[in-house]
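A short write-up of the structure that comes next.
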Amino acid sequence: MGIPRVIAAFVCMLGVSLAAQQRPPLDVVQVAPQVYLLAGDGGNIAVQHGPDGVVLVDSGAGQRSDDVLAALKPISALPIRYILNTSANAEHVGGNGRLSQAGEGLGGGGGGGAAAVISGVRTGAARLAHENVLLRMSAPLGQKAPFPEAAWPTEAFIDRKNLYLNGEAIQILHVPSAHSDGDSVVFFRRSDVIVAGAVVDITRFPVIEVSRGGSIQGEIDALNFILELAIPPTPLVWHPGGTQIIPARGRVLEHADVVEYRDMVTVVRDVVRDLIEKGMTREQIRAAEPTRGYTRRYGSTTGPWTTEMFVDAVYASLTKGATR
């Protein structure tokens, strides 16, 4: 290698190092004694830890997986055992491959198979999700999969999956036709923490992927289901406490926060439905601003999910995709 190439390589490495130093650190929040929240690589990542190892709920976008692994070290010296995916969203599954590879499966299923090591090769942490997540991330024979095989769930379920790790019951519960047809919420029962995944995102109107089986009514049903699982701090409502809820993005929520979000979604659904019943077209409904009163807080005119896209999804869901 000549001197110019050596210099170019050094400059490139220096640039990467400086870029890494300029990145803000991931936010690490302790939600309960055994549960943490990591934020800063796409969607929120929940971390449960204990003597059996580490359980992750979602894996972020995969842009900062090394930072995620570094953030896990002060929490637990034990390996990642499971990654539980709440949907097939790229910002929730993008880190599956890297984080799973850094982990070590338990005997009895998932990425660990019958054992954590097969023929001297560590198989990595198990990746668990609803079967529709596996179908979304893989592809029919002869088609190109949207995600590499190393990121696919190694174990899938249909209705619910129960685990018992780190002295705690963990329930992974499918909520049909919400944001999509593969959404799940994860309930850490002893910690009293619910991970809501894409069903709750208080930074914007809920993303409803009608083409992937999502619906406005399924979204409301999923929010009501979360509220049935969660307990408010009654009767001492002036004290902090009750079930903690980790959304797809944003801060940790309490029961009342999800009630407010559910009520907003319900109001928008009712307004759009009334306008449909009056014979208004999709364009007329857009112009009527059915999200008025909530747009400043949840809306956006740019980015991957705009207010107009949300209104269109509500309309398509209520009319079964019909256009007029």
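By convention in this document, the chains of the structure tokens carry letters A, B, ... by their order, each chain's residues are numbered from 1, and ligands are numbered from 1 in the order they are shown.
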Hey, which bits of stretch 162-196 of chain A sit within 6 Å of stretch 238-245 of chain A, and for each residue what's the closest pair of atoms and how far apart in Å (one decimal), counting only C-alpha atoms, rows by chain and increasing number, as a tab-separated table?
residue	atom	partner	partner_atom	distance
A:Asp192	CA	A:Thr243	CA	5.2
A:Val193	CA	A:Gln244	CA	4.8
A:Ile194	CA	A:Ile245	CA	4.8
A:Val195	CA	A:Ile245	CA	5.8
Residues of the last selection are to be written out with N, CA and C atoms, as a short mmCIF file (atom, residue, chain, number, x, y, z; two decimals), in the first residue's frame.
data_model
loop_
_atom_site.label_atom_id
_atom_site.label_comp_id
_atom_site.auth_asym_id
_atom_site.auth_seq_id
_atom_site.Cartn_x
_atom_site.Cartn_y
_atom_site.Cartn_z
N ASP A 192 -44.36 -5.21 36.36
CA ASP A 192 -45.53 -4.40 36.03
C ASP A 192 -45.19 -3.37 34.95
N VAL A 193 -44.57 -3.87 33.89
CA VAL A 193 -44.18 -3.04 32.75
C VAL A 193 -44.73 -3.67 31.48
N ILE A 194 -45.36 -2.85 30.65
CA ILE A 194 -45.88 -3.29 29.35
C ILE A 194 -45.09 -2.59 28.26
N VAL A 195 -44.63 -3.35 27.28
CA VAL A 195 -43.99 -2.78 26.09
C VAL A 195 -45.01 -2.81 24.97
#
*Using atom CA of A:Leu275 and atom CA of A:Ala222 as the two end points, give the distance in Å to one decimal.*
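Taking atom CA of A:Leu275 and atom CA of A:Ala222, their separation equals 24.1 Å.
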*asked:* Could you go through stretch 164-319 of chain A and tell me which residues DSSP, when run on the backbone, assigns to strand (DSSP E or B), listing them as a list in words?
replied: Tyr164, Leu165, Glu168, Ala169, Ile170, Gln171, Ile172, Leu173, His174, Ser184, Val185, Val186, Phe187, Phe188, Val193, Ile194, Val195, Ala196, Gly197, Gln244, Ile245, Ile246, Pro247 and Leu253 of chain A
*For A:Ala316, which residue out of A:Ser215, A:Thr154, A:Ser300, A:Ser65 is the nearest one, using only C-alpha atoms?*
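Using only C-alpha atoms, A:Ala316 sits closest to A:Ser215.
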*asked:* Set the distance at 6 Å and use only C-alpha atoms: which residues neighbour A:Ala129 once local chain neighbours fewer than 2 positions away are removed? I'd like the list as a list in words.
replied: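 Near neighbours after the sequence-gap exclusion: Leu84, Asn85 and Ala156 of chain A.
For the atom pair formed by atom CA of A:Met264 and atom CA of A:His179, the distance is 15.6 Å, given to one decimal.
Interatomic distance, atom CA of A:Gly250 to atom CA of A:Asn89: 16.3 Å.
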*Choose the residue, out of A:Gly182, A:Pro25, A:Gly279, A:Gly105, that has the smallest atom-to-atom separation from A:Ala70; count only C-alpha atoms.*
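Of all the options, A:Pro25 lies closest to A:Ala70.
For the set A:Pro232, A:Leu223, A:Arg204, A:Asn166, the residue with the smallest atom-to-atom gap to A:Gly303 is A:Arg204, counting only C-alpha atoms.
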*alpha helix (DSSP H) positions in stretch 76-259 of chain A, given as a PyMOL selection string*: chain A and resi 90-93+96-102+131-137+216-229+255-259
Keeping C-alpha atoms for every residue in the selection just given, could you write it to a file as a PDB file, in the first residue's frame?
ATOM      1  CA  ALA A  90     -37.383  -1.721  10.447  1.00  0.00           C
ATOM      2  CA  GLU A  91     -36.850   0.521  13.486  1.00  0.00           C
ATOM      3  CA  HIS A  92     -37.812  -2.396  15.743  1.00  0.00           C
ATOM      4  CA  VAL A  93     -35.996  -5.292  14.035  1.00  0.00           C
ATOM      5  CA  ASN A  96     -31.768  -8.278  15.277  1.00  0.00           C
ATOM      6  CA  GLY A  97     -28.790  -9.761  13.467  1.00  0.00           C
ATOM      7  CA  ARG A  98     -26.004  -7.917  15.288  1.00  0.00           C
ATOM      8  CA  LEU A  99     -27.533  -8.128  18.771  1.00  0.00           C
ATOM      9  CA  SER A 100     -28.537 -11.771  18.359  1.00  0.00           C
ATOM     10  CA  GLN A 101     -25.050 -12.670  17.159  1.00  0.00           C
ATOM     11  CA  ALA A 102     -23.599 -11.053  20.299  1.00  0.00           C
ATOM     12  CA  GLU A 131     -45.737 -15.606  12.734  1.00  0.00           C
ATOM     13  CA  ASN A 132     -46.831 -12.663  10.547  1.00  0.00           C
ATOM     14  CA  VAL A 133     -43.630 -10.853  11.510  1.00  0.00           C
ATOM     15  CA  LEU A 134     -41.649 -13.815  10.223  1.00  0.00           C
ATOM     16  CA  LEU A 135     -43.683 -13.778   6.999  1.00  0.00           C
ATOM     17  CA  ARG A 136     -43.105 -10.023   6.554  1.00  0.00           C
ATOM     18  CA  MET A 137     -39.362 -10.256   7.171  1.00  0.00           C
ATOM     19  CA  ILE A 216     -58.261   1.891  12.927  1.00  0.00           C
ATOM     20  CA  GLN A 217     -60.663  -0.316  14.901  1.00  0.00           C
ATOM     21  CA  GLY A 218     -57.925  -2.857  15.588  1.00  0.00           C
ATOM     22  CA  GLU A 219     -55.712  -0.006  16.810  1.00  0.00           C
ATOM     23  CA  ILE A 220     -58.405   1.145  19.246  1.00  0.00           C
ATOM     24  CA  ASP A 221     -59.021  -2.448  20.365  1.00  0.00           C
ATOM     25  CA  ALA A 222     -55.284  -2.873  21.013  1.00  0.00           C
ATOM     26  CA  LEU A 223     -55.157   0.345  23.040  1.00  0.00           C
ATOM     27  CA  ASN A 224     -58.136  -0.834  25.091  1.00  0.00           C
ATOM     28  CA  PHE A 225     -56.413  -4.180  25.625  1.00  0.00           C
ATOM     29  CA  ILE A 226     -53.312  -2.417  26.962  1.00  0.00           C
ATOM     30  CA  LEU A 227     -55.528  -0.373  29.283  1.00  0.00           C
ATOM     31  CA  GLU A 228     -57.142  -3.581  30.566  1.00  0.00           C
ATOM     32  CA  LEU A 229     -53.699  -4.986  31.403  1.00  0.00           C
ATOM     33  CA  HIS A 255     -52.267   4.439  32.357  1.00  0.00           C
ATOM     34  CA  ALA A 256     -53.671   7.974  32.025  1.00  0.00           C
ATOM     35  CA  ASP A 257     -51.332   8.764  29.119  1.00  0.00           C
ATOM     36  CA  VAL A 258     -52.631   5.799  27.121  1.00  0.00           C
ATOM     37  CA  VAL A 259     -56.234   6.745  27.965  1.00  0.00           C
TER      38      VAL A 259
END
*Write out as a PyMOL selection string which residues come within 7 Å of A:Phe310 when counting only C-alpha atoms, dropping same-chain ones fewer than 4 positions away.*
chain A and resi 205+207+306+314
*Hey, which of A:Ala198, A:Val268, A:Leu236, A:Ala248 ends up closest to A:Gly43? Count only C-alpha atoms.*
A:Ala248
_Selection: 12 Å around A:Val68, only C-alpha atoms, excl. self and same-chain fewer than 5 positions, as a ChimeraX atom specification_ = /A:25-28,37-42,44-47,56,58-63,73-75,80,95-96,98-100,102
Atoms kept (C-alpha atoms) for selection, written as a compact mmCIF listing (two decimals), in the first residue's frame:
# COMPACT_ATOMS: atom_id res chain seq x y z
CA PRO A 25 -25.14 8.71 23.83
CA LEU A 26 -28.16 6.45 23.98
CA ASP A 27 -30.71 7.39 26.62
CA VAL A 28 -30.83 4.76 29.37
CA LEU A 37 -35.37 1.52 28.39
CA LEU A 38 -32.75 2.26 25.73
CA ALA A 39 -33.58 5.02 23.26
CA GLY A 40 -31.63 6.58 20.42
CA ASP A 41 -31.45 3.92 17.70
CA GLY A 42 -34.84 4.14 16.04
CA ASN A 44 -37.35 2.11 21.88
CA ILE A 45 -35.62 -1.02 23.17
CA ALA A 46 -36.76 -2.55 26.46
CA VAL A 47 -34.25 -4.53 28.52
CA LEU A 56 -34.62 -7.48 24.78
CA ASP A 58 -37.14 -5.02 19.93
CA SER A 59 -33.65 -4.25 18.69
CA GLY A 60 -33.78 -0.73 17.27
CA ALA A 61 -32.98 0.31 13.72
CA GLY A 62 -29.57 -1.38 13.75
CA GLN A 63 -27.65 1.83 13.07
CA LYS A 73 -22.68 -3.79 29.80
CA PRO A 74 -23.36 -1.72 32.95
CA ILE A 75 -26.82 -3.31 33.21
CA ILE A 80 -28.61 -11.61 25.54
CA GLY A 95 -30.62 -4.65 15.10
CA ASN A 96 -31.77 -8.28 15.28
CA ARG A 98 -26.00 -7.92 15.29
CA LEU A 99 -27.53 -8.13 18.77
CA SER A 100 -28.54 -11.77 18.36
CA ALA A 102 -23.60 -11.05 20.30
*Shell around A:Thr307 at 12 Å using only C-alpha atoms, local window under 3 positions removed, as a list in words*: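 After dropping sequence-adjacent residues, the list is Arg204, Phe205, Pro206, Val207, Ile208, Val268, Arg286, Ala287, Glu289, Pro290, Thr291, Arg292, Tyr294, Thr295, Arg296, Arg297, Tyr298, Gly299, Ser300, Thr301, Thr302, Gly303, Pro304, Phe310, Val311, Asp312, Ala313 and Val314 of chain A.
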Got time to write the residues from that selection, N, CA and C atoms, as a PDB file, in the first residue's frame?
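Dumped everything to again.pdb:
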ATOM      1  N   ARG A 204     -46.448  10.913  17.467  1.00  0.00           N
ATOM      2  CA  ARG A 204     -47.176  11.130  16.223  1.00  0.00           C
ATOM      3  C   ARG A 204     -48.500  10.370  16.269  1.00  0.00           C
ATOM      4  N   PHE A 205     -49.347  10.605  15.268  1.00  0.00           N
ATOM      5  CA  PHE A 205     -50.550   9.803  15.123  1.00  0.00           C
ATOM      6  C   PHE A 205     -50.139   8.345  14.880  1.00  0.00           C
ATOM      7  N   PRO A 206     -50.936   7.392  15.337  1.00  0.00           N
ATOM      8  CA  PRO A 206     -50.531   5.994  15.160  1.00  0.00           C
ATOM      9  C   PRO A 206     -50.361   5.623  13.692  1.00  0.00           C
ATOM     10  N   VAL A 207     -49.308   4.879  13.427  1.00  0.00           N
ATOM     11  CA  VAL A 207     -49.053   4.401  12.066  1.00  0.00           C
ATOM     12  C   VAL A 207     -49.927   3.172  11.839  1.00  0.00           C
ATOM     13  N   ILE A 208     -50.833   3.250  10.873  1.00  0.00           N
ATOM     14  CA  ILE A 208     -51.736   2.144  10.563  1.00  0.00           C
ATOM     15  C   ILE A 208     -51.449   1.684   9.139  1.00  0.00           C
ATOM     16  N   VAL A 268     -60.911  10.828  16.365  1.00  0.00           N
ATOM     17  CA  VAL A 268     -60.606  10.967  14.934  1.00  0.00           C
ATOM     18  C   VAL A 268     -61.370   9.922  14.124  1.00  0.00           C
ATOM     19  N   ARG A 286     -60.023  14.976   3.853  1.00  0.00           N
ATOM     20  CA  ARG A 286     -58.729  15.601   4.141  1.00  0.00           C
ATOM     21  C   ARG A 286     -58.909  17.101   4.370  1.00  0.00           C
ATOM     22  N   ALA A 287     -59.652  17.756   3.465  1.00  0.00           N
ATOM     23  CA  ALA A 287     -59.844  19.203   3.549  1.00  0.00           C
ATOM     24  C   ALA A 287     -60.615  19.604   4.801  1.00  0.00           C
ATOM     25  N   GLU A 289     -60.188  18.487   7.709  1.00  0.00           N
ATOM     26  CA  GLU A 289     -59.263  18.417   8.847  1.00  0.00           C
ATOM     27  C   GLU A 289     -59.870  17.692  10.047  1.00  0.00           C
ATOM     28  N   PRO A 290     -60.113  16.397   9.902  1.00  0.00           N
ATOM     29  CA  PRO A 290     -60.713  15.639  11.009  1.00  0.00           C
ATOM     30  C   PRO A 290     -59.808  15.489  12.229  1.00  0.00           C
ATOM     31  N   THR A 291     -58.521  15.810  12.075  1.00  0.00           N
ATOM     32  CA  THR A 291     -57.592  15.730  13.212  1.00  0.00           C
ATOM     33  C   THR A 291     -57.449  17.067  13.934  1.00  0.00           C
ATOM     34  N   ARG A 292     -58.274  18.034  13.550  1.00  0.00           N
ATOM     35  CA  ARG A 292     -58.175  19.364  14.152  1.00  0.00           C
ATOM     36  C   ARG A 292     -58.268  19.264  15.678  1.00  0.00           C
ATOM     37  N   TYR A 294     -55.785  18.103  17.423  1.00  0.00           N
ATOM     38  CA  TYR A 294     -54.693  17.186  17.784  1.00  0.00           C
ATOM     39  C   TYR A 294     -53.474  17.343  16.874  1.00  0.00           C
ATOM     40  N   THR A 295     -53.635  18.076  15.779  1.00  0.00           N
ATOM     41  CA  THR A 295     -52.577  18.140  14.773  1.00  0.00           C
ATOM     42  C   THR A 295     -51.294  18.749  15.320  1.00  0.00           C
ATOM     43  N   ARG A 296     -51.425  19.799  16.112  1.00  0.00           N
ATOM     44  CA  ARG A 296     -50.214  20.453  16.617  1.00  0.00           C
ATOM     45  C   ARG A 296     -49.387  19.491  17.458  1.00  0.00           C
ATOM     46  N   ARG A 297     -50.042  18.624  18.218  1.00  0.00           N
ATOM     47  CA  ARG A 297     -49.328  17.708  19.106  1.00  0.00           C
ATOM     48  C   ARG A 297     -48.796  16.482  18.377  1.00  0.00           C
ATOM     49  N   TYR A 298     -49.604  15.894  17.510  1.00  0.00           N
ATOM     50  CA  TYR A 298     -49.237  14.618  16.899  1.00  0.00           C
ATOM     51  C   TYR A 298     -48.953  14.689  15.404  1.00  0.00           C
ATOM     52  N   GLY A 299     -49.316  15.784  14.767  1.00  0.00           N
ATOM     53  CA  GLY A 299     -49.279  15.827  13.314  1.00  0.00           C
ATOM     54  C   GLY A 299     -47.933  16.225  12.732  1.00  0.00           C
ATOM     55  N   SER A 300     -47.816  16.009  11.414  1.00  0.00           N
ATOM     56  CA  SER A 300     -46.621  16.386  10.679  1.00  0.00           C
ATOM     57  C   SER A 300     -46.972  16.508   9.202  1.00  0.00           C
ATOM     58  N   THR A 301     -46.322  17.450   8.534  1.00  0.00           N
ATOM     59  CA  THR A 301     -46.511  17.603   7.087  1.00  0.00           C
ATOM     60  C   THR A 301     -45.357  16.992   6.304  1.00  0.00           C
ATOM     61  N   THR A 302     -44.331  16.541   7.002  1.00  0.00           N
ATOM     62  CA  THR A 302     -43.169  15.918   6.362  1.00  0.00           C
ATOM     63  C   THR A 302     -42.799  14.653   7.115  1.00  0.00           C
ATOM     64  N   GLY A 303     -41.864  13.889   6.529  1.00  0.00           N
ATOM     65  CA  GLY A 303     -41.392  12.689   7.206  1.00  0.00           C
ATOM     66  C   GLY A 303     -42.118  11.440   6.753  1.00  0.00           C
ATOM     67  N   PRO A 304     -41.796  10.305   7.384  1.00  0.00           N
ATOM     68  CA  PRO A 304     -42.339   9.022   6.944  1.00  0.00           C
ATOM     69  C   PRO A 304     -43.808   8.820   7.280  1.00  0.00           C
ATOM     70  N   PHE A 310     -52.138   9.549   7.848  1.00  0.00           N
ATOM     71  CA  PHE A 310     -52.959   8.984   8.919  1.00  0.00           C
ATOM     72  C   PHE A 310     -54.436   9.068   8.556  1.00  0.00           C
ATOM     73  N   VAL A 311     -54.883  10.231   8.074  1.00  0.00           N
ATOM     74  CA  VAL A 311     -56.293  10.387   7.685  1.00  0.00           C
ATOM     75  C   VAL A 311     -56.641   9.419   6.563  1.00  0.00           C
ATOM     76  N   ASP A 312     -55.748   9.269   5.582  1.00  0.00           N
ATOM     77  CA  ASP A 312     -55.988   8.325   4.488  1.00  0.00           C
ATOM     78  C   ASP A 312     -56.106   6.898   5.009  1.00  0.00           C
ATOM     79  N   ALA A 313     -55.274   6.546   5.998  1.00  0.00           N
ATOM     80  CA  ALA A 313     -55.323   5.191   6.549  1.00  0.00           C
ATOM     81  C   ALA A 313     -56.626   4.948   7.295  1.00  0.00           C
ATOM     82  N   VAL A 314     -57.088   5.955   8.019  1.00  0.00           N
ATOM     83  CA  VAL A 314     -58.367   5.818   8.720  1.00  0.00           C
ATOM     84  C   VAL A 314     -59.498   5.655   7.709  1.00  0.00           C
TER      85      VAL A 314
END
